[in-house]
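Student: Just passing along the structure, written as structure tokens.
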Amino acid sequence: MAVIRAEIRSGSYFDSAVLMQLQRSLALLDGVDDAGVVMGTEENKEILAHIDLVTPEVMASKSDDLVIVVRAADADTALGAIGQVDELLARKKSNVDQEYRPKTLASAAEMLPDASWVLISVAGRFAANVARQALDLGKHVFLFSDNVSVEDEVSLKAKAAEKGLLVMGPDCGTAMISGNGLGFANKIRKGPIGVVAAAGTGLQQVTTRIHQLGSGITHGIGTGGRDLKDPIGAATFLMAMDVLARDPGTKVITLVSKPPAAKIAEKVIRQARKINKPVVINFIARKPSMRRDGNLWFATGMDDAAALAVELANKMPDLSSAPVLPVEKFAAGQKYFRGLFSGGTLAYEAQFLLEDYVGRVWANAPINKENKLKDSLTSEEHSIVDLGEDEFTVGRLHPMMDNEMRIRRLLEESKDPEVAVIMLDVVIGYGSHPDPASELGPAVAKAKAEAEKAGRYLEVVVVATGTDEDPQNLDNQIEQMRAAGAWVSSSNEEVIRYAGSILRALNEKAEDEYIFTPVDLSTLDKELMAINVGLESFAEDLVKQEVPVVHVEWKPPAGGNEKLASILERMKKFS
Amino acid sequence: MTINIDQANQKAIDAIFEARPTLIGVARAKDVIPGMDDNLFLHAGPPCTWDRMSGPVRGGMIGAMFLEGRAKSVEEAETLLASGEIKFAPCNNHSSSGPMAGIISPSMLVYIVENKSNGQRAFSGLNEGRGKVLRMGAYSEEVIDRMIWLNEVLGPAVDRALKEMGGLDIRTLLAKALHMGDDGHNRLDAASLLYTNLLSPYIIKTTDDPKITSEVIKFLGENALAVLNPVMAGCKLMAEAGHGIEGSTIVTVMGRNGTDWGIRVSGLGDQWFTAPSPKVKALYFPGFGDDDACPDIGDSVIIETAGLGGFAMATAPALVTFIGGTPRDAINTTLDMYEITLAEHKHFNIPFLDFRGTPTGIDIRKVVETNMPPRVNTGVAHKDPGVGQVGAGVVSAPMKCFEDALVAFAEKYDI
């Protein structure tokens, strides 16, 4: 008959890694069935109960108590095992050769004033305060701890933004800064690719693939899995992107995330578009609708992202070939798109592609019913009207043959002060109007001139569908339309993406920018030095990488006494 | 009242650094100590009643009864001490500081130390040397005879010398001694030699009888603790300079009487915060052990309060033999104390730590936050009256004193 014996030590605190080691050592002793060494939290007591390791005194223990419990063949063995606890604790020799172990972050910072980083892996309920201290000392934070509240994350990141510091985490498993790994990290070759990841193993997967493909990274910056969710709003992600955008060593940026909140993902992409470097994006569960959009490349998976990044880094694309957008010419309030099509499929494609740029697009022949225009004769917001639809052709010629109706609608739309871009299709060939540009061209010129008179700028974009062997001659049609001031291409997609880019830029203007103090790049480039608070193994790993590190012998404030800790917290307001 | 703790503490620290304790003379306790009278007997640590007094304090009181001529036998002394006729008070409540039992009786001679920066004075008895001594609770005939000799011969000679030399700067003496391997508390070998060296020419000059001159200089020179009492009074003045500042969380008094440990805090007036006195982790003289030891005792911890002693361990590596450690342990002790103090001393520094100032100004917030009590170097008295010193070692202050003070602070200032 096995017996269970326990010892409760109040006011003792050890980090969980130490306790687990101790627990294993105890369980390995002769005659011992099982052992538990945990802090007396409700969760831990439940676990102990499950494995039949409780006594009344264990159940009575509090979260600040160290519980040592042993099940053994007999009482003597159990008590003997418990008696060895102190010896086993003392036997644990540190691998960090540090003559003095500071007890506080402030002292550690004095010992290693050049440390730019603080690694924090203490229990979640204490982690935010330690992180706050680190930020106050002007250090970047690698916050491994989980169970940090969303409120704390928001306030920590706000403080970091103000101070130009990175808070990587909470629950950030991985980061690689200037060739040194923090937390769980791989040995990745130095190279031209910078990675930002709201994904721990995501960062590991992408960077290891980059390494395997022969390239390497500048920095791999983790942000914590919640960064691309509300209400965090990509606080760290955006700062990290800015770091890589300015970092001269980073040629290509790669962004990786666990499934992000859609709105936040948009915000990140918007910001990424402003970076004058190729940016590869792989947000899990967010299907890309295009491969490339300006400086952005959308990957289909992490492996694809790594391969794309390496390919781009090896052969840098020419980003200057993208068309210059006339965004500055528009008057305030101009923000909508109106598409006046004669061809149904062209109109459908426009609806489909434009959505990526502007969101909802109304249409008389919508892809989704809920986007149907209430009145086909009256446009709303972004609208696409297919004038070749039956409703318009009753008792009338098809608009590919008769331009009159489209011209009227064009002039009408151009008077709307909220309209910025109007798209037309010019479809030629047998059966079509013999020279549509001869009528549409002057109408476009007139519409643009009237808009200008009214103090606005109107962009008219045209897709011309036909060949140089068509009776109307494609080049001739294009020339006429261009002469009238239209932006013309024979690719429907190209025209739509061009228009979409303009509209996106116009609609973004009003949105709030995320304001932060830029991170001082030198803090990332100089020799990495760190302060470690929490899991000693993180310090040991840094030592292995020859990173100077000071490990703090941290204990919960006031030895875990909550009443005293709360007084101390309140006293801060009187300082 | 709205307080700014940091500003209040800075004010306290500034005053502590400003203090310039100077030993100016020797006089009879009842003539100079405020509030002293024929029936008042001072002891170390926080207040204590006769029935709770530890062995060494009881023994010291009995010895003081003999010295004062108030009793001829132990029984007679005990009866009188228990009668209520004799009043007891902590040295610290009367601007004094007493080592170990810390007994000061009305007719004892005491050192007078004056803070030249604010005119405050503090007092401490004449040191009896090591071994069987009143401050350890011994009261045998040889102990009383030595007390009489101190009162009648050594005290007057030192007083004459001090007056002739125009006072002796305690702060400078301590600063020098720290560079000579003293911690200022348990090791005062260098300071005591400096002290004897400075006094001797004036003792010779002002004492006619060469036999007395020789005896006095020999006694001072051979006593490695000769300067302990002026140092304690000096540290008392330094700490006291930072006392009574509203909103300050600095500890300005620590003391123990073998029964209780007690502290006072600058912003909390004269209230003592006490806890049972712990046992010292000690090395014992041959023939003694843990079972013989009295719990921690004495006002000498005022030295740690002022930023020396255990706090300056790093500069006194010779002391580590007391704790059975290595010089590295001594350095780490000092480094730990930086975690609970507010400042680095302007005048006391440690060559080994690149002349970093000693950790000074114990902050109850930091003690509680780090859960790390001040560490003290100290002697150990026998638990029974009349035996004396049995060892020396290190001890940590009980956390309860600091925790209670923190709670009281929060209550007083409505935090």
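How things are named: the first chain in the structure tokens is A, the next is B, and so on; residues count from 1 in each chain; ligands count from 1 in the order shown.
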If DSSP is run on the backbone, what residues of stretch 199-278 of chain B are helix (DSSP H, G or I)? A reply as a count of residues only would be ideal.
Tutor: 38
Student: Report as CSV: every residue of chain A with an atom at most 9 Å from chain B, its closest pair of atoms, and their distance in Å to one decimal, counting only C-alpha atoms, with rows sorted by chain and ascending residue number.
Tutor:
residue,atom,partner,partner_atom,distance
A:Glu99,CA,B:Arg328,CA,7.7
A:Tyr100,CA,B:Asn332,CA,6.0
A:Arg101,CA,B:Asn332,CA,8.2
A:Pro102,CA,B:Asp336,CA,7.0
A:Lys103,CA,B:Glu339,CA,6.9
A:Thr104,CA,B:Glu339,CA,6.9
A:Ala106,CA,B:Glu339,CA,8.5
A:Ser107,CA,B:Glu339,CA,6.9
A:Trp554,CA,B:Thr370,CA,8.4
A:Lys555,CA,B:Thr370,CA,7.0
A:Pro556,CA,B:Thr370,CA,7.7
A:Pro557,CA,B:Glu369,CA,4.6
A:Ala558,CA,B:Glu369,CA,4.3
A:Gly559,CA,B:Asn371,CA,5.5
A:Leu564,CA,B:Glu403,CA,7.3
A:Ala565,CA,B:Glu369,CA,7.0
A:Ile567,CA,B:Ala410,CA,6.8
A:Leu568,CA,B:Arg365,CA,6.6
A:Arg570,CA,B:Ile415,CA,6.4
A:Met571,CA,B:Ile415,CA,6.5
A:Lys572,CA,B:Ile5,CA,8.7
A:Lys573,CA,B:Asn4,CA,8.7
A:Phe574,CA,B:Asn4,CA,5.1
A:Ser575,CA,B:Ile5,CA,4.9
Student: A:Gly224: which residues within 9 Å, counting only C-alpha atoms, same-chain residues fewer than 3 positions away excluded, as a list in words?
Tutor: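 Non-adjacent residues within range: Leu143, Phe144, Val167, Met168, Gly169, Pro170, Asp171, Cys172, Gly173, Thr174, Ala197, Ala198, Ala199, Gly200, Asp227, Leu228 and Thr236 of chain A.
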Student: Could you write those residues out with all heavy atoms, as a tab-separated table (two decimals), in the first residue's frame?
Tutor:
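Everything below was put into result30.tsv:
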chain	number	residue	atom	x	y	z
A	143	LEU	N	9.26	38.85	-25.08
A	143	LEU	CA	8.34	38.42	-24.02
A	143	LEU	C	7.82	37.02	-24.33
A	143	LEU	O	6.86	36.84	-25.06
A	143	LEU	CB	7.19	39.43	-23.92
A	143	LEU	CG	6.19	39.29	-22.79
A	143	LEU	CD1	6.87	39.16	-21.44
A	143	LEU	CD2	5.25	40.49	-22.78
A	144	PHE	N	8.52	36.05	-23.76
A	144	PHE	CA	8.18	34.66	-24.00
A	144	PHE	C	6.94	34.24	-23.19
A	144	PHE	O	6.18	33.39	-23.61
A	144	PHE	CB	9.38	33.79	-23.60
A	144	PHE	CG	9.18	32.32	-23.78
A	144	PHE	CD1	9.32	31.74	-25.02
A	144	PHE	CD2	8.83	31.51	-22.70
A	144	PHE	CE1	9.13	30.38	-25.20
A	144	PHE	CE2	8.63	30.15	-22.87
A	144	PHE	CZ	8.79	29.58	-24.13
A	167	VAL	N	8.32	45.32	-28.59
A	167	VAL	CA	7.84	44.31	-27.65
A	167	VAL	C	7.49	43.08	-28.47
A	167	VAL	O	6.47	43.05	-29.16
A	167	VAL	CB	6.62	44.78	-26.85
A	167	VAL	CG1	6.03	43.62	-26.05
A	167	VAL	CG2	7.02	45.89	-25.89
A	168	MET	N	8.36	42.10	-28.44
A	168	MET	CA	8.11	40.88	-29.21
A	168	MET	C	7.39	39.91	-28.28
A	168	MET	O	7.97	39.37	-27.37
A	168	MET	CB	9.43	40.30	-29.70
A	168	MET	CG	10.22	41.33	-30.51
A	168	MET	SD	11.49	40.62	-31.54
A	168	MET	CE	12.46	39.78	-30.36
A	169	GLY	N	6.09	39.76	-28.50
A	169	GLY	CA	5.29	38.93	-27.63
A	169	GLY	C	4.12	39.73	-27.09
A	169	GLY	O	3.84	40.80	-27.61
A	170	PRO	N	3.40	39.25	-26.08
A	170	PRO	CA	3.69	38.04	-25.30
A	170	PRO	C	3.48	36.76	-26.12
A	170	PRO	O	2.95	36.81	-27.21
A	170	PRO	CB	2.65	38.12	-24.17
A	170	PRO	CG	1.56	38.97	-24.71
A	170	PRO	CD	2.20	39.94	-25.65
A	171	ASP	N	3.90	35.69	-25.47
A	171	ASP	CA	3.81	34.38	-26.11
A	171	ASP	C	4.60	34.37	-27.41
A	171	ASP	O	4.18	33.80	-28.40
A	171	ASP	CB	2.34	34.00	-26.33
A	171	ASP	CG	2.19	32.49	-26.48
A	171	ASP	OD1	3.17	31.78	-26.23
A	171	ASP	OD2	1.09	32.05	-26.87
A	172	CYS	N	5.73	35.05	-27.39
A	172	CYS	CA	6.60	35.05	-28.56
A	172	CYS	C	7.67	33.99	-28.32
A	172	CYS	O	8.43	34.06	-27.37
A	172	CYS	CB	7.25	36.42	-28.73
A	172	CYS	SG	8.40	36.49	-30.11
A	173	GLY	N	7.69	33.00	-29.18
A	173	GLY	CA	8.61	31.90	-28.96
A	173	GLY	C	9.97	32.12	-29.60
A	173	GLY	O	10.96	31.58	-29.12
A	174	THR	N	9.99	32.91	-30.65
A	174	THR	CA	11.17	32.91	-31.50
A	174	THR	C	11.52	34.31	-31.97
A	174	THR	O	10.65	35.09	-32.32
A	174	THR	CB	10.88	32.07	-32.77
A	174	THR	OG1	10.43	30.80	-32.37
A	174	THR	CG2	12.12	31.92	-33.62
A	197	ALA	N	7.17	38.06	-38.10
A	197	ALA	CA	6.26	36.93	-37.97
A	197	ALA	C	5.40	37.04	-36.72
A	197	ALA	O	5.91	37.20	-35.61
A	197	ALA	CB	7.04	35.62	-37.94
A	198	ALA	N	4.09	36.97	-36.92
A	198	ALA	CA	3.18	36.78	-35.79
A	198	ALA	C	2.92	35.29	-35.72
A	198	ALA	O	1.79	34.83	-35.81
A	198	ALA	CB	1.90	37.56	-36.02
A	199	ALA	N	3.99	34.55	-35.62
A	199	ALA	CA	3.91	33.10	-35.73
A	199	ALA	C	5.26	32.53	-35.32
A	199	ALA	O	6.26	32.83	-35.96
A	199	ALA	CB	3.62	32.70	-37.17
A	200	GLY	N	5.29	31.76	-34.25
A	200	GLY	CA	6.57	31.28	-33.73
A	200	GLY	C	7.22	30.25	-34.62
A	200	GLY	O	8.29	30.48	-35.21
A	227	ASP	N	-0.69	39.74	-32.22
A	227	ASP	CA	-0.39	41.08	-32.72
A	227	ASP	C	-1.29	41.49	-33.88
A	227	ASP	O	-1.67	42.65	-34.00
A	227	ASP	CB	1.08	41.16	-33.14
A	227	ASP	CG	1.58	42.58	-33.23
A	227	ASP	OD1	1.72	43.21	-32.16
A	227	ASP	OD2	1.80	43.08	-34.35
A	228	LEU	N	-1.64	40.54	-34.74
A	228	LEU	CA	-2.48	40.89	-35.89
A	228	LEU	C	-3.96	40.66	-35.61
A	228	LEU	O	-4.73	40.34	-36.49
A	228	LEU	CB	-2.04	40.10	-37.13
A	228	LEU	CG	-0.65	40.42	-37.66
A	228	LEU	CD1	-0.45	39.89	-39.07
A	228	LEU	CD2	-0.39	41.91	-37.65
A	236	THR	N	3.29	45.82	-32.94
A	236	THR	CA	4.69	45.44	-33.09
A	236	THR	C	5.03	45.15	-34.55
A	236	THR	O	6.10	45.50	-35.04
A	236	THR	CB	5.01	44.20	-32.23
A	236	THR	OG1	4.73	44.52	-30.87
A	236	THR	CG2	6.47	43.79	-32.37
Student: From the DSSP assignment of the backbone, select every residue of stretch 41-106 of chain A that is strand (DSSP E), and format the answer as a ChimeraX atom specification.
Tutor: /A:65-72
Student: What does the structure give for the distance between atom CA of B:Lys163 and atom CA of B:Gly35, in Å to one decimal?
Tutor: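 A separation of 24.8 Å between them.
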Student: When distances are computed from only C-alpha atoms, which of B:Val216, B:Leu134, B:Leu81, B:Ala19 shows the smallest separation from B:Asn115?
Tutor: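 Nearest to B:Asn115: B:Ala19.
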Student: Go through stretch 201-288 of chain B and flag each residue having an atom no more than 6 Å from stretch 116-132 of chain B; for those, report the closest pair of atoms plus their distance in Å to one decimal, using only C-alpha atoms, ordered by chain and rising number, as a tab-separated table.
Tutor:
residue	atom	partner	partner_atom	distance
B:Asn223	CA	B:Gly129	CA	5.3
B:Ala226	CA	B:Asn127	CA	5.7
B:Asn229	CA	B:Ser124	CA	5.4
B:Ala233	CA	B:Ala122	CA	5.3
Student: Any chance you could export the current selection's all heavy atoms as a CSV table (one decimal), in the first residue's frame?
Tutor:
chain,number,residue,atom,x,y,z
B,223,ASN,N,42.8,46.8,21.6
B,223,ASN,CA,41.4,46.5,21.5
B,223,ASN,C,41.0,46.8,20.0
B,223,ASN,O,40.9,48.0,19.6
B,223,ASN,CB,40.6,47.4,22.4
B,223,ASN,CG,39.1,47.1,22.3
B,223,ASN,OD1,38.7,46.2,21.6
B,223,ASN,ND2,38.3,47.9,23.0
B,226,ALA,N,38.2,49.2,19.8
B,226,ALA,CA,38.3,50.4,20.6
B,226,ALA,C,37.4,51.5,20.1
B,226,ALA,O,36.8,52.3,20.8
B,226,ALA,CB,39.7,50.9,20.6
B,229,ASN,N,32.3,52.1,19.6
B,229,ASN,CA,31.3,52.9,20.1
B,229,ASN,C,31.2,54.3,19.5
B,229,ASN,O,30.1,54.8,19.1
B,229,ASN,CB,31.4,53.0,21.7
B,229,ASN,CG,31.3,51.6,22.3
B,229,ASN,OD1,32.1,50.7,21.9
B,229,ASN,ND2,30.5,51.5,23.3
B,233,ALA,N,27.9,55.8,17.4
B,233,ALA,CA,27.3,57.1,17.7
B,233,ALA,C,27.4,57.9,16.4
B,233,ALA,O,26.4,58.6,16.0
B,233,ALA,CB,28.0,57.8,18.8
Student: From the set A:Lys335, A:Lys448, A:Lys263, A:Lys287, which residue has the shortest atom-to-atom contact distance to A:Gly301, counting only C-alpha atoms?
Tutor: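 Distance minimum relative to A:Gly301 lands on A:Lys287.
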Student: Using only C-alpha atoms, determine which residues lie at most 6 Å from A:Ile422, disregarding the query and same-chain residues fewer than 5 positions distant; provide the list as a PyMOL selection string.
Tutor: chain A and resi 337-339+460
Student: For B:Ser83, list every protein, DNA or RNA residue within 12 Å, evaluated using only C-alpha atoms, and leave out those in the same chain fewer than 6 positions away; present the list as a PyMOL selection string.
Tutor: chain B and resi 39+49-51+76-77
Student: Just checking: using only C-alpha atoms, which residue out of A:Asn507, A:Ala483, A:Gly429, A:Ala313 ends up closest to A:Glu381?
Tutor: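 Ranked by minimum distance to A:Glu381, first place goes to A:Asn507.
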Student: Tell me, as a list in words, which residues lie within 9 Å of stretch 346-353 of chain B, counting only C-alpha atoms; anything in the same chain fewer than 6 positions away does not count.
Tutor: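 Once the adjacent positions are removed, what remains is Phe17, Arg171, Thr172, Leu174, Ala175, Lys176, Leu178, His179, Gly307, Leu308, Ala312, Ala314, Thr315 and Ile331 of chain B.
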Student: Which residues, written as a list in words, have at least one atom at most 9 Å from B:Lys30, with only C-alpha atoms counted and residues fewer than 2 positions away on the same chain left out?
Tutor: Ala27, Arg28, Val32, Ile33, Pro34, Gly35, Met36, Asp37, Asp38, Ser105, Pro106, Ser107, Met108 and Leu109 of chain B
Student: So how far away is atom CA of B:Gly310 from atom CA of B:Asp354, in Å?
Tutor: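 About the pair atom CA of B:Asp354 and atom CA of B:Gly310: they are 18.4 Å apart.
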Student: From the list B:Asp299, B:Asp270, B:Glu114, B:Glu344, which residue is nearest B:Ile170 when using only C-alpha atoms?
Tutor: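 Of the candidates, the smallest distance to B:Ile170 is held by B:Glu114.
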Student: Which residue, B:Gly137, B:Gly155, B:Gly45, B:Pro99, has the smallest gap to B:Leu225 when you use only C-alpha atoms?
Tutor: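 Closest candidate: B:Pro99.
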Student: Under the rule that only C-alpha atoms are counted, which of B:Ile148, B:Ile303, B:Ala44, B:Val113 is the nearest residue to B:Leu67?
Tutor: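 Checking each candidate against B:Leu67, we get B:Ile148 as the closest.
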